[in-house]
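Source file: data.csv; contents: CSV, C-alpha atoms.
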```
chain,number,residue,atom,x,y,z
A,171,ASP,CA,4.9,24.3,-12.7
A,172,GLN,CA,3.5,23.8,-9.2
A,173,GLN,CA,0.5,21.6,-9.4
A,174,VAL,CA,-0.2,21.9,-5.7
A,175,LYS,CA,0.1,25.4,-4.1
A,176,GLN,CA,0.0,26.6,-0.6
A,177,ASN,CA,0.1,30.3,-1.0
A,178,SER,CA,0.5,31.2,2.7
A,179,PRO,CA,4.0,30.3,4.0
A,180,SER,CA,2.9,31.1,7.5
A,181,LEU,CA,-0.1,31.5,9.8
A,182,SER,CA,-0.4,32.6,13.4
A,183,VAL,CA,-3.5,31.8,15.4
A,184,GLN,CA,-4.5,32.3,19.0
A,185,GLU,CA,-5.0,29.2,21.1
A,186,GLY,CA,-8.6,28.1,21.1
A,187,ARG,CA,-9.4,29.8,17.8
A,188,ILE,CA,-9.9,28.2,14.4
A,189,SER,CA,-6.9,27.6,12.1
A,190,ILE,CA,-7.7,27.5,8.4
A,191,LEU,CA,-5.0,26.3,6.0
A,192,ASN,CA,-5.6,26.5,2.3
A,193,CYS,CA,-4.4,24.6,-0.7
A,194,ASP,CA,-5.0,25.0,-4.4
A,195,TYR,CA,-4.3,22.5,-7.2
A,196,THR,CA,-4.3,22.7,-11.0
A,197,ASN,CA,-4.3,19.1,-12.1
A,198,SER,CA,-7.9,18.0,-12.7
A,199,MET,CA,-6.8,14.3,-12.6
A,200,PHE,CA,-6.1,14.6,-8.8
A,201,ASP,CA,-8.7,12.6,-7.0
A,202,TYR,CA,-7.2,12.0,-3.5
A,203,PHE,CA,-6.0,14.7,-1.2
A,204,LEU,CA,-4.0,14.5,2.1
A,205,TRP,CA,-2.7,16.7,4.8
A,206,TYR,CA,0.5,16.0,6.5
A,207,LYS,CA,1.9,17.7,9.6
A,208,LYS,CA,5.6,18.0,10.1
A,209,TYR,CA,7.6,18.9,13.3
A,210,PRO,CA,11.2,20.0,13.1
A,211,ALA,CA,13.7,17.1,12.7
A,212,GLU,CA,10.9,14.6,12.0
A,213,GLY,CA,9.3,13.2,8.9
A,214,PRO,CA,5.8,14.3,7.8
A,215,THR,CA,3.0,12.6,9.7
A,216,PHE,CA,-0.3,11.8,8.0
A,217,LEU,CA,-3.1,13.8,9.4
A,218,ILE,CA,-6.3,13.5,7.3
A,219,SER,CA,-7.4,12.7,3.8
A,220,ILE,CA,-10.3,13.1,1.5
A,221,SER,CA,-11.4,11.5,-1.7
A,222,SER,CA,-12.8,13.5,-4.6
A,223,ILE,CA,-16.2,11.8,-4.1
A,224,LYS,CA,-16.6,13.7,-0.9
A,225,ASP,CA,-16.6,17.4,0.0
A,226,LYS,CA,-15.9,17.0,3.7
A,227,ASN,CA,-14.1,14.7,6.0
A,228,GLU,CA,-13.9,15.1,9.7
A,229,ASP,CA,-11.6,13.6,12.3
A,230,GLY,CA,-11.8,15.1,15.8
A,231,ARG,CA,-10.6,18.6,15.7
A,232,PHE,CA,-9.5,18.4,12.1
A,233,THR,CA,-11.8,18.8,9.1
A,234,VAL,CA,-10.8,18.9,5.5
A,235,PHE,CA,-13.1,20.5,2.9
A,236,LEU,CA,-12.8,20.0,-0.8
A,237,ASN,CA,-14.2,22.3,-3.5
A,238,LYS,CA,-13.6,20.4,-6.8
A,239,SER,CA,-15.0,23.2,-9.0
A,240,ALA,CA,-12.6,25.7,-7.5
A,241,LYS,CA,-9.8,23.1,-7.2
A,242,HIS,CA,-9.4,24.1,-3.6
A,243,LEU,CA,-9.1,22.4,-0.3
A,244,SER,CA,-8.8,23.6,3.2
A,245,LEU,CA,-7.9,22.2,6.6
A,246,HIS,CA,-9.8,23.5,9.6
A,247,ILE,CA,-8.4,22.9,13.1
A,248,VAL,CA,-10.8,23.7,15.9
A,249,PRO,CA,-9.9,24.5,18.6
A,250,SER,CA,-6.3,25.2,17.8
A,251,GLN,CA,-3.7,24.1,20.4
A,252,PRO,CA,-0.1,25.1,20.9
A,253,GLY,CA,0.9,21.5,20.1
A,254,ASP,CA,-0.6,22.0,16.6
A,255,SER,CA,2.3,24.4,15.8
A,256,ALA,CA,4.0,22.7,12.9
A,257,VAL,CA,4.4,22.9,9.1
A,258,TYR,CA,1.4,21.6,7.3
A,259,PHE,CA,1.7,20.1,3.8
A,260,CYS,CA,-1.1,19.5,1.4
A,261,ALA,CA,-0.6,16.6,-1.0
A,262,ALA,CA,-2.6,15.2,-4.0
A,263,SER,CA,-2.5,12.1,-6.1
A,264,ALA,CA,-4.3,10.7,-9.1
A,265,THR,CA,-5.7,7.2,-9.9
A,266,GLY,CA,-3.3,5.3,-12.1
A,267,SER,CA,-0.3,7.3,-10.9
A,268,ALA,CA,0.7,4.5,-8.5
A,269,ARG,CA,-0.4,7.0,-5.9
A,270,GLN,CA,2.5,9.3,-6.3
A,271,LEU,CA,2.0,12.3,-4.1
A,272,THR,CA,2.5,15.8,-5.3
A,273,PHE,CA,3.2,18.1,-2.3
A,274,GLY,CA,2.6,21.8,-1.7
A,275,SER,CA,5.3,23.9,-0.3
A,276,GLY,CA,3.9,23.9,3.2
A,277,THR,CA,2.4,26.4,5.7
A,278,GLN,CA,4.0,27.0,9.1
A,279,LEU,CA,1.3,27.2,11.6
A,280,THR,CA,2.0,28.9,15.0
A,281,VAL,CA,-0.6,28.6,17.7
A,282,LEU,CA,0.0,31.3,20.3
A,283,PRO,CA,-0.8,30.5,23.9
B,6,ASP,CA,4.2,0.8,16.8
B,7,ALA,CA,5.2,0.3,13.2
B,8,ARG,CA,7.4,3.0,11.8
B,9,VAL,CA,9.7,3.7,8.8
B,10,THR,CA,13.3,3.9,10.0
B,11,GLN,CA,16.1,5.7,8.2
B,12,THR,CA,19.8,5.7,8.8
B,13,PRO,CA,21.9,7.7,9.2
B,14,ARG,CA,19.9,10.6,10.7
B,15,ASP,CA,22.7,13.0,9.9
B,16,LYS,CA,25.5,12.8,7.4
B,17,VAL,CA,28.2,15.4,6.7
B,18,THR,CA,30.6,14.6,3.9
B,19,GLU,CA,32.9,16.2,1.5
B,20,MET,CA,32.2,16.9,-2.2
B,21,GLY,CA,33.1,13.9,-4.3
B,22,GLN,CA,32.4,11.3,-1.6
B,23,GLU,CA,29.9,8.5,-1.9
B,24,VAL,CA,26.8,8.7,0.3
B,25,THR,CA,24.5,5.8,1.1
B,26,MET,CA,21.2,6.3,2.8
B,27,ARG,CA,19.1,3.4,4.1
B,28,CYS,CA,15.4,2.9,4.8
B,29,GLN,CA,13.5,0.1,6.4
B,30,PRO,CA,9.8,0.3,5.3
B,31,ILE,CA,6.9,-0.7,7.6
B,32,LEU,CA,6.6,-4.5,7.5
B,33,GLY,CA,4.0,-5.5,5.0
B,34,HIS,CA,4.2,-2.3,3.0
B,35,ASN,CA,5.0,-3.0,-0.6
B,36,THR,CA,5.5,0.5,-1.9
B,37,VAL,CA,8.6,2.6,-1.1
B,38,PHE,CA,9.2,6.2,-2.0
B,39,TRP,CA,12.2,8.5,-1.7
B,40,TYR,CA,11.7,12.2,-1.4
B,41,ARG,CA,14.1,15.1,-1.0
B,42,GLN,CA,13.2,18.3,0.9
B,43,THR,CA,15.0,21.5,0.2
B,44,MET,CA,14.1,25.1,1.0
B,45,MET,CA,13.7,26.0,-2.6
B,46,GLN,CA,11.8,23.0,-4.0
B,47,GLY,CA,9.9,21.7,-1.0
B,48,LEU,CA,9.2,17.9,-1.1
B,49,GLU,CA,10.3,16.4,-4.4
B,50,LEU,CA,9.7,12.7,-5.3
B,51,LEU,CA,12.9,11.1,-6.4
B,52,ALA,CA,11.9,7.5,-7.0
B,53,TYR,CA,9.5,4.8,-5.9
B,54,PHE,CA,9.3,1.1,-5.9
B,55,ARG,CA,6.5,-1.4,-5.8
B,56,ASN,CA,7.2,-5.0,-4.7
B,57,ARG,CA,10.9,-4.1,-4.9
B,58,ALA,CA,10.7,-3.1,-8.6
B,59,PRO,CA,11.5,0.4,-9.5
B,60,LEU,CA,8.5,2.1,-11.1
B,61,ASP,CA,9.7,5.6,-11.6
B,62,ASP,CA,13.0,7.3,-10.9
B,63,SER,CA,12.4,10.3,-13.2
B,64,GLY,CA,12.9,12.7,-10.3
B,65,MET,CA,16.5,11.6,-9.8
B,66,PRO,CA,19.6,12.9,-11.4
B,67,LYS,CA,20.6,9.7,-13.1
B,68,ASP,CA,24.2,10.3,-13.5
B,69,ARG,CA,24.9,10.4,-9.8
B,70,PHE,CA,21.9,9.0,-7.9
B,71,SER,CA,20.8,5.4,-7.7
B,72,ALA,CA,18.0,3.7,-5.7
B,73,GLU,CA,17.6,0.0,-5.0
B,74,MET,CA,15.7,-2.4,-2.9
B,75,PRO,CA,17.9,-5.4,-2.2
B,76,ASP,CA,15.1,-7.0,-0.2
B,77,ALA,CA,11.6,-6.2,1.1
B,78,THR,CA,13.0,-4.8,4.3
B,79,LEU,CA,15.7,-2.5,2.9
B,80,ALA,CA,15.7,0.4,0.4
B,81,THR,CA,18.9,2.3,-0.4
B,82,LEU,CA,19.6,5.7,-2.0
B,83,LYS,CA,23.1,6.2,-3.1
B,84,ILE,CA,24.8,9.4,-4.4
B,85,GLN,CA,28.2,9.1,-6.1
B,86,PRO,CA,29.9,11.5,-6.4
B,87,SER,CA,28.1,13.9,-4.0
B,88,GLU,CA,27.9,17.6,-4.6
B,89,PRO,CA,27.1,20.6,-2.4
B,90,ARG,CA,23.8,21.0,-4.2
B,91,ASP,CA,22.7,17.6,-2.9
B,92,SER,CA,22.5,19.0,0.6
B,93,ALA,CA,19.0,18.4,1.8
B,94,VAL,CA,16.8,16.2,4.0
B,95,TYR,CA,16.0,12.9,2.3
B,96,PHE,CA,12.9,11.1,3.4
B,97,CYS,CA,11.8,7.6,2.8
B,98,ALA,CA,8.1,6.7,2.9
B,99,SER,CA,6.2,3.4,2.6
B,100,GLY,CA,2.7,2.4,1.9
B,101,LEU,CA,0.4,-0.3,0.8
B,102,GLY,CA,0.1,-0.6,-3.0
B,103,THR,CA,-3.7,-0.3,-2.9
B,104,GLY,CA,-3.8,2.4,-0.4
B,105,GLU,CA,-3.2,6.1,-0.7
B,106,THR,CA,-1.5,7.1,2.5
B,107,GLN,CA,2.3,7.1,2.8
B,108,TYR,CA,4.1,6.9,6.0
B,109,PHE,CA,7.3,8.8,6.3
B,110,GLY,CA,10.6,8.1,8.1
B,111,PRO,CA,12.4,10.7,10.2
B,112,GLY,CA,14.7,11.6,7.3
B,113,THR,CA,18.4,11.8,6.7
B,114,ARG,CA,19.9,15.3,6.8
B,115,LEU,CA,22.7,15.4,4.3
B,116,THR,CA,25.3,18.1,4.2
B,117,VAL,CA,27.9,18.1,1.4
B,118,LEU,CA,30.8,20.5,2.0
```
Encoded form (structure tokens):
Amino acid sequence: DQQVKQNSPSLSVQEGRISILNCDYTNSMFDYFLWYKKYPAEGPTFLISISSIKDKNEDGRFTVFLNKSAKHLSLHIVPSQPGDSAVYFCAASATGSARQLTFGSGTQLTVLP
Amino acid sequence: DARVTQTPRDKVTEMGQEVTMRCQPILGHNTVFWYRQTMMQGLELLAYFRNRAPLDDSGMPKDRFSAEMPDATLATLKIQPSEPRDSAVYFCASGLGTGETQYFGPGTRLTVL
């Protein structure tokens, strides 16, 4: 049973436009959410996170939105750059779980020049 | 620039052989996680340690996998005997016990023939 789902395995966007990556979760105990970016032959790199007490967190070109009632979060990248092309993983954790992360299956983002 | 390091980066072995993967967490981090990435399962948590003590290894096949932290600067994941279905990329990640972000190493790509 996948508790964190990324339903789009891939996404292509034109350089300069907005990229929107989506993630849904089923476990209502999750209270912390993260996005990781992964390039080939490298480990996932932490990108941005959000606590469940917030509905938005922004860091430069990256913004994460959390809709708790819908159990949905999204990552917006504006403007998208070719260097953003990577696999993006959404992850979630719950208080008291020793911060174990449950990952989604990833979305391959390709930013076209 | 503090990073998680993993050795070896690539390992090709034959079925039945013992495999040992090593991880050096970021200095000062007291939580260490082992993940496995496969095409089918995505990123799966295998085991994790806090202050060198194993907290959960329920994600690991117990009969052939073992994880240890001989000291605070070294975590090991051992497979004995290895099987072709163990072929995957194995990631180590470390973090601070009270924080939520995990920092990943570059991974060990294991191929069991």
Neighbours of chain A in chain B at 6 Å, counting all atoms listed in the file, as a PyMOL selection string: chain B and resi 47+105+109-112
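Rounded to one decimal, atom CA of A:Asn177 and atom CA of A:Leu191 lie 9.5 Å from each other.
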Got a sec: who's within 12 Å of B:Ala77, counting only C-alpha atoms, leaving out chain neighbours fewer than 5 positions off, as a PyMOL selection string? chain B and resi 28-37+54-58+99
Pick out the residues sitting within 12 Å of B:Pro59, and hand them over as a list in words; count all atoms listed in the file, and ignore anything fewer than 5 positions along from it in its own chain.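 The residues that qualify are Ala268 of chain A; Asn35, Thr36, Val37, Phe38, Trp39, Leu51, Ala52, Tyr53, Phe54, Ser71, Ala72, Glu73, Met74, Pro75, Ala80 and Thr81 of chain B.
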Point (-11.0, 14.8, 13.4), cut-off 10 Å, counting all atoms listed in the file, residues as an mmCIF file with C-alpha atoms, in the frame of the given file:
```cif
data_model
loop_
_atom_site.group_PDB
_atom_site.id
_atom_site.type_symbol
_atom_site.label_atom_id
_atom_site.label_comp_id
_atom_site.auth_asym_id
_atom_site.auth_seq_id
_atom_site.Cartn_x
_atom_site.Cartn_y
_atom_site.Cartn_z
ATOM 1 C CA LEU A 217 -3.100 13.800 9.400
ATOM 2 C CA ILE A 218 -6.300 13.500 7.300
ATOM 3 C CA ASN A 227 -14.100 14.700 6.000
ATOM 4 C CA GLU A 228 -13.900 15.100 9.700
ATOM 5 C CA ASP A 229 -11.600 13.600 12.300
ATOM 6 C CA GLY A 230 -11.800 15.100 15.800
ATOM 7 C CA ARG A 231 -10.600 18.600 15.700
ATOM 8 C CA PHE A 232 -9.500 18.400 12.100
ATOM 9 C CA THR A 233 -11.800 18.800 9.100
ATOM 10 C CA VAL A 234 -10.800 18.900 5.500
ATOM 11 C CA HIS A 246 -9.800 23.500 9.600
ATOM 12 C CA ILE A 247 -8.400 22.900 13.100
ATOM 13 C CA VAL A 248 -10.800 23.700 15.900
#
```
List as a PyMOL selection string the protein and nucleic acid residues near B:Ile84, meaning an atom at most 9 Å away when only C-alpha atoms are counted, but skip any in the same chain fewer than 6 places from it. chain B and resi 22-26+69-72+91
Quick one, how far is atom CA of B:Val94 from atom CA of B:Leu50?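 Atom-to-atom, atom CA of B:Val94 and atom CA of B:Leu50 are spaced 12.2 Å apart.
One distance worth recording is that between atom CA of B:Ser92 and atom CA of B:Gly21, which is 12.7 Å.
Between B:Thr106 and the residues A:Ile220, A:Ala240, A:Ser250, A:Leu181, the shortest atom-to-atom distance, using all atoms listed in the file, involves A:Ile220.
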Using only C-alpha atoms, which residues sit within 9 Å of A:Pro249 once same-chain residues fewer than 6 positions away are excluded, as a list of chain:residue names?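 Non-adjacent residues within range: A:Glu185, A:Gly186, A:Arg187, A:Ile188, A:Ser189, A:Arg231, A:Phe232.
Each of A:Ser180, A:Ser239, A:Gln251, A:Ser244 was checked against A:Gln278 using all atoms listed in the file; the smallest atom-to-atom distance is that of A:Ser180.
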Report, as AutoDock Vina command-line options, the centre and edge lengths in Å (one decimal) of the axis-aligned box enclosing every listed atom of stretch 9-25 of chain B, padded by 8 Å on each side.
```
--center_x 21.4 --center_y 10.3 --center_z 3.2 --size_x 39.4 --size_y 29.2 --size_z 31.0
```
